[in-house]
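Source file: run17.tsv (TSV, C-alpha atoms and all ligand atoms)
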chain	number	residue	atom	x	y	z
A	1	MET	CA	0.00	0.00	0.00
A	2	THR	CA	1.50	3.30	-1.05
A	3	PHE	CA	-0.88	5.87	0.37
A	4	ARG	CA	0.53	7.21	3.62
A	5	ALA	CA	-0.92	10.72	3.85
A	6	PRO	CA	-2.90	11.68	6.99
A	7	HIS	CA	-5.35	13.87	5.02
A	8	LEU	CA	-6.64	14.27	1.49
A	9	LEU	CA	-6.36	18.02	0.97
A	10	GLY	CA	-5.55	18.17	-2.72
A	11	ILE	CA	-4.11	16.42	-5.75
A	12	GLU	CA	-1.03	18.64	-5.79
A	13	PRO	CA	0.96	16.73	-3.11
A	14	LEU	CA	0.05	13.26	-4.42
A	15	HIS	CA	2.49	11.01	-6.22
A	16	PRO	CA	1.18	9.09	-9.28
A	17	THR	CA	1.47	5.79	-7.34
A	18	GLU	CA	-0.74	7.22	-4.57
A	19	ILE	CA	-3.32	8.22	-7.18
A	20	THR	CA	-3.21	4.71	-8.64
A	21	THR	CA	-3.60	3.19	-5.16
A	22	VAL	CA	-6.82	5.17	-4.58
A	23	LEU	CA	-8.15	4.34	-8.04
A	24	ASP	CA	-7.39	0.60	-7.75
A	25	LEU	CA	-9.19	0.35	-4.43
A	26	ALA	CA	-12.08	2.48	-5.75
A	27	ASP	CA	-12.34	0.14	-8.74
A	28	GLN	CA	-12.90	-2.77	-6.36
A	29	TYR	CA	-15.56	-0.85	-4.45
A	30	ALA	CA	-17.23	0.14	-7.73
A	31	ASN	CA	-17.51	-3.51	-8.73
A	32	ASP	CA	-19.22	-4.46	-5.48
A	33	PRO	CA	-20.47	-1.26	-3.80
A	34	GLY	CA	-23.11	-2.56	-1.44
A	35	SER	CA	-21.43	-5.66	0.01
A	36	PRO	CA	-22.15	-6.13	3.73
A	37	ARG	CA	-18.44	-6.99	4.17
A	38	HIS	CA	-17.57	-3.33	3.62
A	39	ARG	CA	-19.44	-2.35	6.78
A	40	GLU	CA	-16.45	-3.45	8.87
A	41	VAL	CA	-14.09	-0.94	7.24
A	42	LEU	CA	-15.16	2.15	9.23
A	43	ALA	CA	-17.07	0.33	11.98
A	44	GLY	CA	-16.78	2.25	15.25
A	45	MET	CA	-15.59	5.39	13.47
A	46	THR	CA	-17.36	8.74	13.34
A	47	GLN	CA	-17.48	10.81	10.17
A	48	ILE	CA	-18.63	14.42	10.33
A	49	ASN	CA	-19.57	16.26	7.13
A	50	MET	CA	-19.14	20.04	7.41
A	51	PHE	CA	-20.37	21.81	4.29
A	52	PHE	CA	-19.99	25.60	4.56
A	53	GLU	CA	-21.12	25.84	0.92
A	54	ASN	CA	-24.12	24.22	-0.74
A	55	SER	CA	-23.75	20.77	-2.21
A	56	THR	CA	-26.04	18.05	-3.41
A	57	ARG	CA	-24.08	15.22	-4.95
A	58	THR	CA	-20.78	15.59	-3.12
A	59	GLN	CA	-22.36	15.64	0.33
A	60	ALA	CA	-24.78	12.80	-0.49
A	61	SER	CA	-21.94	10.80	-1.97
A	62	PHE	CA	-19.69	11.20	1.09
A	63	GLU	CA	-22.62	10.33	3.36
A	64	LEU	CA	-23.47	7.20	1.41
A	65	ALA	CA	-19.79	6.19	1.17
A	66	GLY	CA	-19.40	6.49	4.95
A	67	LYS	CA	-22.59	4.54	5.62
A	68	ARG	CA	-21.60	1.76	3.23
A	69	LEU	CA	-18.34	1.43	5.15
A	70	GLY	CA	-20.16	1.26	8.49
A	71	ALA	CA	-19.20	4.68	9.91
A	72	ASP	CA	-21.50	6.74	12.11
A	73	VAL	CA	-22.13	9.72	9.84
A	74	MET	CA	-23.22	13.12	11.04
A	75	ASN	CA	-24.08	16.04	8.77
A	76	MET	CA	-23.53	19.42	10.38
A	77	ALA	CA	-25.95	22.03	9.05
A	78	MET	CA	-23.28	24.72	8.74
A	79	GLN	CA	-25.69	27.30	7.31
A	80	ALA	CA	-27.63	27.21	10.56
A	81	SER	CA	-24.63	26.74	12.85
A	82	SER	CA	-22.73	29.12	15.10
A	83	VAL	CA	-20.71	30.24	12.08
A	84	LYS	CA	-23.68	32.45	11.31
A	85	LYS	CA	-23.38	33.83	14.85
A	86	GLY	CA	-19.80	34.93	14.17
A	87	GLU	CA	-17.82	31.93	15.36
A	88	THR	CA	-14.51	31.57	13.52
A	89	LEU	CA	-13.62	28.52	11.48
A	90	ILE	CA	-10.95	27.57	14.00
A	91	ASP	CA	-13.34	27.79	16.97
A	92	THR	CA	-15.80	25.60	15.10
A	93	ALA	CA	-12.98	23.16	14.35
A	94	LEU	CA	-11.85	23.01	17.97
A	95	THR	CA	-15.41	22.44	19.17
A	96	LEU	CA	-15.81	19.57	16.73
A	97	ASN	CA	-12.39	18.20	17.63
A	98	ALA	CA	-13.50	17.91	21.24
A	99	MET	CA	-16.18	15.47	20.03
A	100	HIS	CA	-13.40	13.19	18.71
A	101	PRO	CA	-14.47	12.52	15.14
A	102	ASP	CA	-12.27	10.18	13.10
A	103	LEU	CA	-13.01	11.63	9.66
A	104	LEU	CA	-13.92	15.21	8.81
A	105	VAL	CA	-15.24	16.00	5.36
A	106	VAL	CA	-15.09	19.74	4.74
A	107	ARG	CA	-16.28	22.06	1.97
A	108	HIS	CA	-15.55	25.76	2.36
A	109	PRO	CA	-15.85	28.83	0.09
A	110	HIS	CA	-12.29	29.99	0.86
A	111	SER	CA	-9.21	28.49	-0.76
A	112	GLY	CA	-6.89	27.09	1.90
A	113	ALA	CA	-9.53	26.93	4.67
A	114	VAL	CA	-9.63	23.12	4.72
A	115	ASP	CA	-5.84	22.91	4.96
A	116	LEU	CA	-5.87	25.34	7.89
A	117	LEU	CA	-8.56	23.33	9.64
A	118	SER	CA	-6.62	20.08	9.17
A	119	GLN	CA	-3.77	21.56	11.22
A	120	LYS	CA	-6.05	22.08	14.23
A	121	VAL	CA	-7.79	18.72	14.53
A	122	ASN	CA	-6.85	15.11	15.24
A	123	ALA	CA	-9.18	13.61	12.63
A	124	ALA	CA	-8.30	12.69	9.06
A	125	VAL	CA	-9.56	15.58	6.92
A	126	LEU	CA	-10.94	15.26	3.39
A	127	ASN	CA	-11.28	18.35	1.23
A	128	ALA	CA	-14.69	18.32	-0.44
A	129	GLY	CA	-13.89	21.57	-2.30
A	130	ASP	CA	-12.20	24.76	-1.05
A	131	GLY	CA	-12.99	27.93	-2.99
A	132	LYS	CA	-11.30	27.95	-6.38
A	133	HIS	CA	-8.44	25.84	-5.09
A	134	GLU	CA	-8.95	22.05	-5.11
A	135	HIS	CA	-11.61	19.34	-5.21
A	136	PRO	CA	-9.48	16.19	-5.02
A	137	THR	CA	-12.21	13.54	-4.84
A	138	GLN	CA	-13.87	15.02	-7.92
A	139	ALA	CA	-10.63	14.70	-9.91
A	140	LEU	CA	-10.17	11.15	-8.63
A	141	LEU	CA	-13.70	10.12	-9.61
A	142	ASP	CA	-13.21	11.73	-13.01
A	143	ALA	CA	-9.96	9.80	-13.41
A	144	LEU	CA	-11.63	6.51	-12.49
A	145	THR	CA	-14.46	7.21	-14.93
A	146	ILE	CA	-11.95	7.90	-17.72
A	147	ARG	CA	-9.83	4.84	-16.86
A	148	ARG	CA	-12.87	2.55	-16.94
A	149	ALA	CA	-14.21	4.03	-20.20
A	150	LYS	CA	-10.87	4.23	-22.05
A	151	GLY	CA	-9.02	1.31	-20.46
A	152	ARG	CA	-6.11	3.56	-19.46
A	153	LEU	CA	-5.27	6.87	-17.81
A	154	HIS	CA	-2.20	7.98	-19.74
A	155	ARG	CA	-1.43	9.36	-23.19
A	156	LEU	CA	-5.01	10.52	-23.72
A	157	SER	CA	-5.97	13.84	-25.22
A	158	ILE	CA	-8.35	15.56	-22.81
A	159	ALA	CA	-10.18	18.86	-23.29
A	160	ILE	CA	-11.35	20.80	-20.22
A	161	CYS	CA	-13.85	23.39	-21.40
A	162	GLY	CA	-15.51	26.54	-20.09
A	163	ASP	CA	-15.06	28.43	-16.85
A	164	ILE	CA	-11.53	27.31	-16.00
A	165	SER	CA	-10.61	30.30	-13.85
A	166	HIS	CA	-13.30	29.80	-11.17
A	167	SER	CA	-13.14	26.02	-11.13
A	168	ARG	CA	-11.49	23.92	-8.44
A	169	VAL	CA	-12.57	20.89	-10.49
A	170	ALA	CA	-10.43	22.13	-13.39
A	171	ARG	CA	-7.43	22.81	-11.15
A	172	SER	CA	-7.50	19.38	-9.51
A	173	ASN	CA	-8.07	17.67	-12.86
A	174	ILE	CA	-5.24	19.56	-14.57
A	175	MET	CA	-2.88	18.39	-11.84
A	176	LEU	CA	-4.06	14.79	-11.76
A	177	LEU	CA	-4.25	14.26	-15.51
A	178	GLY	CA	-0.89	16.00	-15.96
A	179	LYS	CA	0.79	13.76	-13.35
A	180	MET	CA	-0.53	10.74	-15.26
A	181	GLU	CA	1.02	12.07	-18.48
A	182	ASN	CA	-1.97	13.03	-20.54
A	183	ARG	CA	-2.20	15.83	-23.07
A	184	ILE	CA	-4.48	18.53	-21.70
A	185	ARG	CA	-6.23	21.23	-23.69
A	186	LEU	CA	-8.01	24.10	-21.98
A	187	ILE	CA	-10.80	25.69	-24.02
A	188	GLY	CA	-12.75	28.79	-23.06
A	189	PRO	CA	-13.05	32.54	-23.46
A	190	PRO	CA	-9.90	34.45	-22.43
A	191	THR	CA	-11.92	36.14	-19.65
A	192	LEU	CA	-12.45	32.71	-18.03
A	193	MET	CA	-8.82	31.56	-18.27
A	194	PRO	CA	-6.82	31.95	-15.06
A	195	SER	CA	-3.89	34.35	-15.11
A	196	GLY	CA	-0.67	32.39	-15.38
A	197	VAL	CA	-2.42	29.65	-17.37
A	198	ALA	CA	0.83	29.12	-19.34
A	199	GLU	CA	2.43	27.62	-16.20
A	200	PHE	CA	-0.06	24.72	-16.24
A	201	GLY	CA	1.70	23.21	-19.25
A	202	CYS	CA	-1.57	22.81	-21.19
A	203	GLU	CA	-2.49	23.93	-24.68
A	204	VAL	CA	-4.97	26.83	-24.56
A	205	PHE	CA	-7.72	27.49	-27.12
A	206	ASP	CA	-10.55	30.04	-27.28
A	207	ASN	CA	-12.31	28.16	-30.05
A	208	MET	CA	-14.18	24.90	-29.38
A	209	GLU	CA	-13.91	23.53	-32.92
A	210	GLU	CA	-10.11	23.80	-32.90
A	211	GLY	CA	-9.62	22.73	-29.31
A	212	LEU	CA	-11.83	19.64	-29.56
A	213	GLN	CA	-10.04	18.28	-32.62
A	214	ASP	CA	-9.42	14.54	-32.10
A	215	VAL	CA	-9.67	14.57	-28.30
A	216	ASP	CA	-10.55	11.37	-26.38
A	217	VAL	CA	-12.32	13.11	-23.52
A	218	VAL	CA	-14.47	16.27	-23.40
A	219	MET	CA	-14.86	17.59	-19.87
A	220	MET	CA	-17.39	20.42	-19.56
A	221	LEU	CA	-17.51	22.81	-16.60
A	222	ARG	CA	-20.34	24.77	-15.06
A	223	LEU	CA	-20.32	28.56	-15.37
A	224	GLN	CA	-19.60	29.43	-11.73
A	225	LYS	CA	-21.75	32.55	-11.59
A	226	GLU	CA	-21.61	32.67	-7.79
A	227	ARG	CA	-17.86	33.26	-8.02
A	228	MET	CA	-18.11	36.04	-10.64
A	229	ASP	CA	-18.24	39.64	-9.56
A	230	GLY	CA	-18.63	41.24	-12.96
A	231	GLY	CA	-19.28	40.62	-16.64
A	232	PHE	CA	-17.12	37.68	-17.68
A	233	ILE	CA	-19.37	36.71	-20.58
A	234	PRO	CA	-21.54	38.88	-22.86
A	235	SER	CA	-24.66	36.74	-22.34
A	236	GLU	CA	-25.52	33.08	-21.67
A	237	ARG	CA	-26.96	32.84	-25.17
A	238	GLU	CA	-23.75	34.05	-26.75
A	239	TYR	CA	-21.72	31.78	-24.45
A	240	TYR	CA	-23.75	28.74	-25.48
A	241	HIS	CA	-23.33	29.63	-29.12
A	242	ARG	CA	-19.52	29.80	-28.85
A	243	TYR	CA	-18.64	27.44	-26.01
A	244	GLY	CA	-21.70	25.28	-25.28
A	245	LEU	CA	-21.19	21.63	-26.23
A	246	ASP	CA	-23.65	20.55	-28.92
A	247	ALA	CA	-23.63	17.77	-31.55
A	248	GLU	CA	-21.92	19.97	-34.15
A	249	LYS	CA	-18.98	20.89	-31.95
A	250	LEU	CA	-18.67	17.35	-30.62
A	251	LYS	CA	-18.13	16.10	-34.20
A	252	HIS	CA	-14.59	17.51	-34.00
A	253	ALA	CA	-13.65	15.14	-31.18
A	254	LYS	CA	-12.78	11.47	-31.80
A	255	PRO	CA	-15.88	9.42	-32.75
A	256	ASP	CA	-15.59	7.48	-29.47
A	257	ALA	CA	-14.85	10.53	-27.29
A	258	ILE	CA	-16.65	10.56	-23.94
A	259	VAL	CA	-18.46	13.59	-22.52
A	260	MET	CA	-18.15	14.50	-18.84
A	261	HIS	CA	-19.60	17.14	-16.48
A	262	PRO	CA	-19.13	17.33	-12.68
A	263	GLY	CA	-22.65	18.70	-12.14
A	264	PRO	CA	-24.71	20.61	-11.40
A	265	MET	CA	-25.34	21.21	-15.10
A	266	ASN	CA	-26.78	24.30	-16.76
A	267	ARG	CA	-28.47	22.73	-19.76
A	268	GLY	CA	-28.47	25.08	-22.73
A	269	VAL	CA	-25.66	27.18	-21.21
A	270	GLU	CA	-22.54	24.99	-21.21
A	271	ILE	CA	-24.06	21.80	-22.62
A	272	ASP	CA	-26.94	20.72	-24.82
A	273	GLY	CA	-29.35	18.53	-22.86
A	274	THR	CA	-29.50	15.86	-25.55
A	275	ILE	CA	-25.70	15.40	-25.45
A	276	ALA	CA	-25.76	15.18	-21.66
A	277	ASP	CA	-28.43	12.46	-21.86
A	278	ASP	CA	-26.89	10.51	-24.77
A	279	ILE	CA	-25.86	7.22	-23.17
A	280	ASN	CA	-23.50	6.49	-26.06
A	281	ARG	CA	-21.41	9.60	-25.37
A	282	SER	CA	-22.13	10.93	-21.91
A	283	VAL	CA	-20.61	9.31	-18.81
A	284	ILE	CA	-22.12	11.86	-16.43
A	285	GLN	CA	-24.11	9.25	-14.49
A	286	THR	CA	-21.02	7.03	-14.26
A	287	GLN	CA	-19.18	9.96	-12.70
A	288	VAL	CA	-21.79	10.07	-9.93
A	289	GLU	CA	-21.51	6.31	-9.45
A	290	MET	CA	-17.70	6.45	-9.31
A	291	GLY	CA	-17.98	9.31	-6.82
A	292	VAL	CA	-19.26	6.98	-4.12
A	293	ALA	CA	-16.60	4.35	-4.88
A	294	VAL	CA	-13.74	6.89	-4.85
A	295	ARG	CA	-14.92	8.39	-1.55
A	296	MET	CA	-15.17	4.91	-0.03
A	297	ALA	CA	-11.58	4.23	-1.14
A	298	ALA	CA	-10.24	7.58	0.10
A	299	MET	CA	-11.88	7.21	3.53
A	300	ASP	CA	-10.77	3.56	3.79
A	301	LEU	CA	-7.11	4.49	3.11
A	302	LEU	CA	-7.15	7.49	5.47
A	303	ALA	CA	-8.77	5.38	8.21
A	304	ARG	CA	-6.01	2.74	7.87
A	305	ASN	CA	-3.38	5.47	8.24
A	306	LEU	CA	-5.23	6.96	11.21
A	307	ARG	CA	-5.35	3.57	12.96
A	308	ALA	CA	-1.66	3.00	12.25
A	309	ARG	CA	-0.76	6.39	13.77
A	310	ARG	CA	-2.87	5.65	16.84
A	311	TRP	CA	-1.19	2.28	17.32
A	312	GLU	CA	2.22	3.90	16.96
A	313	ALA	CA	1.26	6.47	19.59
A	314	ILE	CA	0.17	3.70	22.01
A	315	ASP	CA	3.33	1.66	21.31
A	316	GLY	CA	5.46	4.74	21.81
A	317	GLY	CA	3.68	5.43	25.10
A	318	VAL	CA	4.24	1.88	26.36
A	319	MET	CA	7.90	1.93	25.38
A	320	ALA	CA	8.56	5.29	27.05
B	1	LIG	C1	-18.40	21.04	-8.45
B	1	LIG	C2	-17.99	21.89	-7.27
B	1	LIG	O1	-18.72	22.02	-6.30
B	1	LIG	O2	-16.89	22.41	-7.34
B	1	LIG	N1	-19.52	20.26	-8.25
B	1	LIG	C3	-19.44	19.10	-7.58
B	1	LIG	O3	-18.67	18.92	-6.67
B	1	LIG	N2	-20.25	18.13	-8.00
B	1	LIG	C4	-18.51	21.82	-9.68
B	1	LIG	C5	-19.51	22.92	-9.73
B	1	LIG	O4	-20.07	23.34	-8.72
B	1	LIG	O5	-19.72	23.41	-10.83
Before anything else, please render the file you have as structure tokens.
Ligand code: NCD
Amino acid sequence: MTFRAPHLLGIEPLHPTEITTVLDLADQYANDPGSPRHREVLAGMTQINMFFENSTRTQASFELAGKRLGADVMNMAMQASSVKKGETLIDTALTLNAMHPDLLVVRHPHSGAVDLLSQKVNAAVLNAGDGKHEHPTQALLDALTIRRAKGRLHRLSIAICGDISHSRVARSNIMLLGKMENRIRLIGPPTLMPSGVAEFGCEVFDNMEEGLQDVDVVMMLRLQKERMDGGFIPSEREYYHRYGLDAEKLKHAKPDAIVMHPGPMNRGVEIDGTIADDINRSVIQTQVEMGVAVRMAAMDLLARNLRARRWEAIDGGVMA
């Protein structure tokens, strides 16, 4: 086993062998997700989900993953919590820490907040999305989806399209797919490209027809309007016309190219509904399915590391 990290905060610090370890275990869970045997994996452990930002599929997926592994899962309603009364993130973290959770799943609107929190608690922390920074389990579930559809996760040509600059999904995917030696193309309007995009080592296009030429994977992104504080696009209609994925634009990709989207989708803004629902092209439902398996694998590996550290601490104590 080559996954030794205490937390899963991002893709950036992971080595390709660690990524493969998570994906291999997730593959096994995906083949047999509901087996009663899995309920031993997190038995006796407590998982707390703290979502400071709205989420449907990620929170549900972490909850289901924890339950399938036998953890006691608690969802904190952060919108209604003391945070609204002015409590700081660190005070909230320390309060929760005093309840001795084993796994903390955290989503927060500020980049770096989950990392900060992980330094203050004893639990294993999983980043479920921090601002525009990282969303590691999303990139891992995307990678597993690609690996299962294409039979490999290297030397593929992958287009990531749309609102790159506001997207933690794009950042984590660029890092993961780059580490696994794929060719990455970023397609979108210049106003939605992050500054310093050249450093990512990707090819950049502002034209879908050119950028999609012969790619194996088309990954669409949601327009993150909640993170925009001005006019980044002329209008949604115009955006759809130039950057929305429809059958015509998809013709430029390889005939067996797969279409992905992390959800939630804006049909008719970044993607045509019929493409999203086309079971011969779209793997969007598979992404959701792989999400549970990847989160089971990530929590399983972190729990093993947590137990190992606890045993070491006890051994050390006895020896001293
Ligand atoms: C993504 C997120 O929250 O960053 N969604 C998700 O986790 N399923 C992408 C998005 O919100 O567009």
Ligand LIG 1 (chain B) neighbours within 10 Å using all atoms listed in the file, as a PyMOL selection string: chain A and resi 53-59+61+107-109+128-139+163+166-170+220-226+261-266+287-288+291
Distance in Å - CA of Met76 (chain A) versus CA of Glu12 (chain A): 27.7 Å
Who sits within 10 Å of region 142-147 of chain A, only C-alpha atoms, same chain under 6 positions skipped, as a PyMOL selection string: chain A and resi 19-20+22-24+26-27+30+136+153-154+156+158+169+173+176-177+180+216-217+219+258-262+283-291+293-294
Gap from CA of Arg155 (chain A) to CA of Ile11 (chain A) - Å, one decimal: 19.0 Å
Shortest interatomic distance to Gly244 (chain A) - which of A:Ser195, A:Ile314, A:Met78, A:Cys161, counting all atoms listed in the file: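 Among the listed residues, A:Cys161 lies closest to Gly244 (chain A).
Of the listed residues (A:Ile164, A:Tyr29, A:Arg227, A:Ser118), A:Ser118 comes nearest to Leu94 (chain A); the distances count only C-alpha atoms.
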Residue with smallest distance to Leu64 (chain A) - pool A:Pro6, A:Pro33, A:Gly44, A:Gln119, counting all atoms listed in the file: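 Nearest to Leu64 (chain A): A:Pro33.
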Option closest in space to Tyr243 (chain A), from A:Pro194, A:Gly162, A:Pro36, A:Gly211 [counting only C-alpha atoms]: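 Residue with the minimum atom-to-atom distance to Tyr243 (chain A): A:Gly162.
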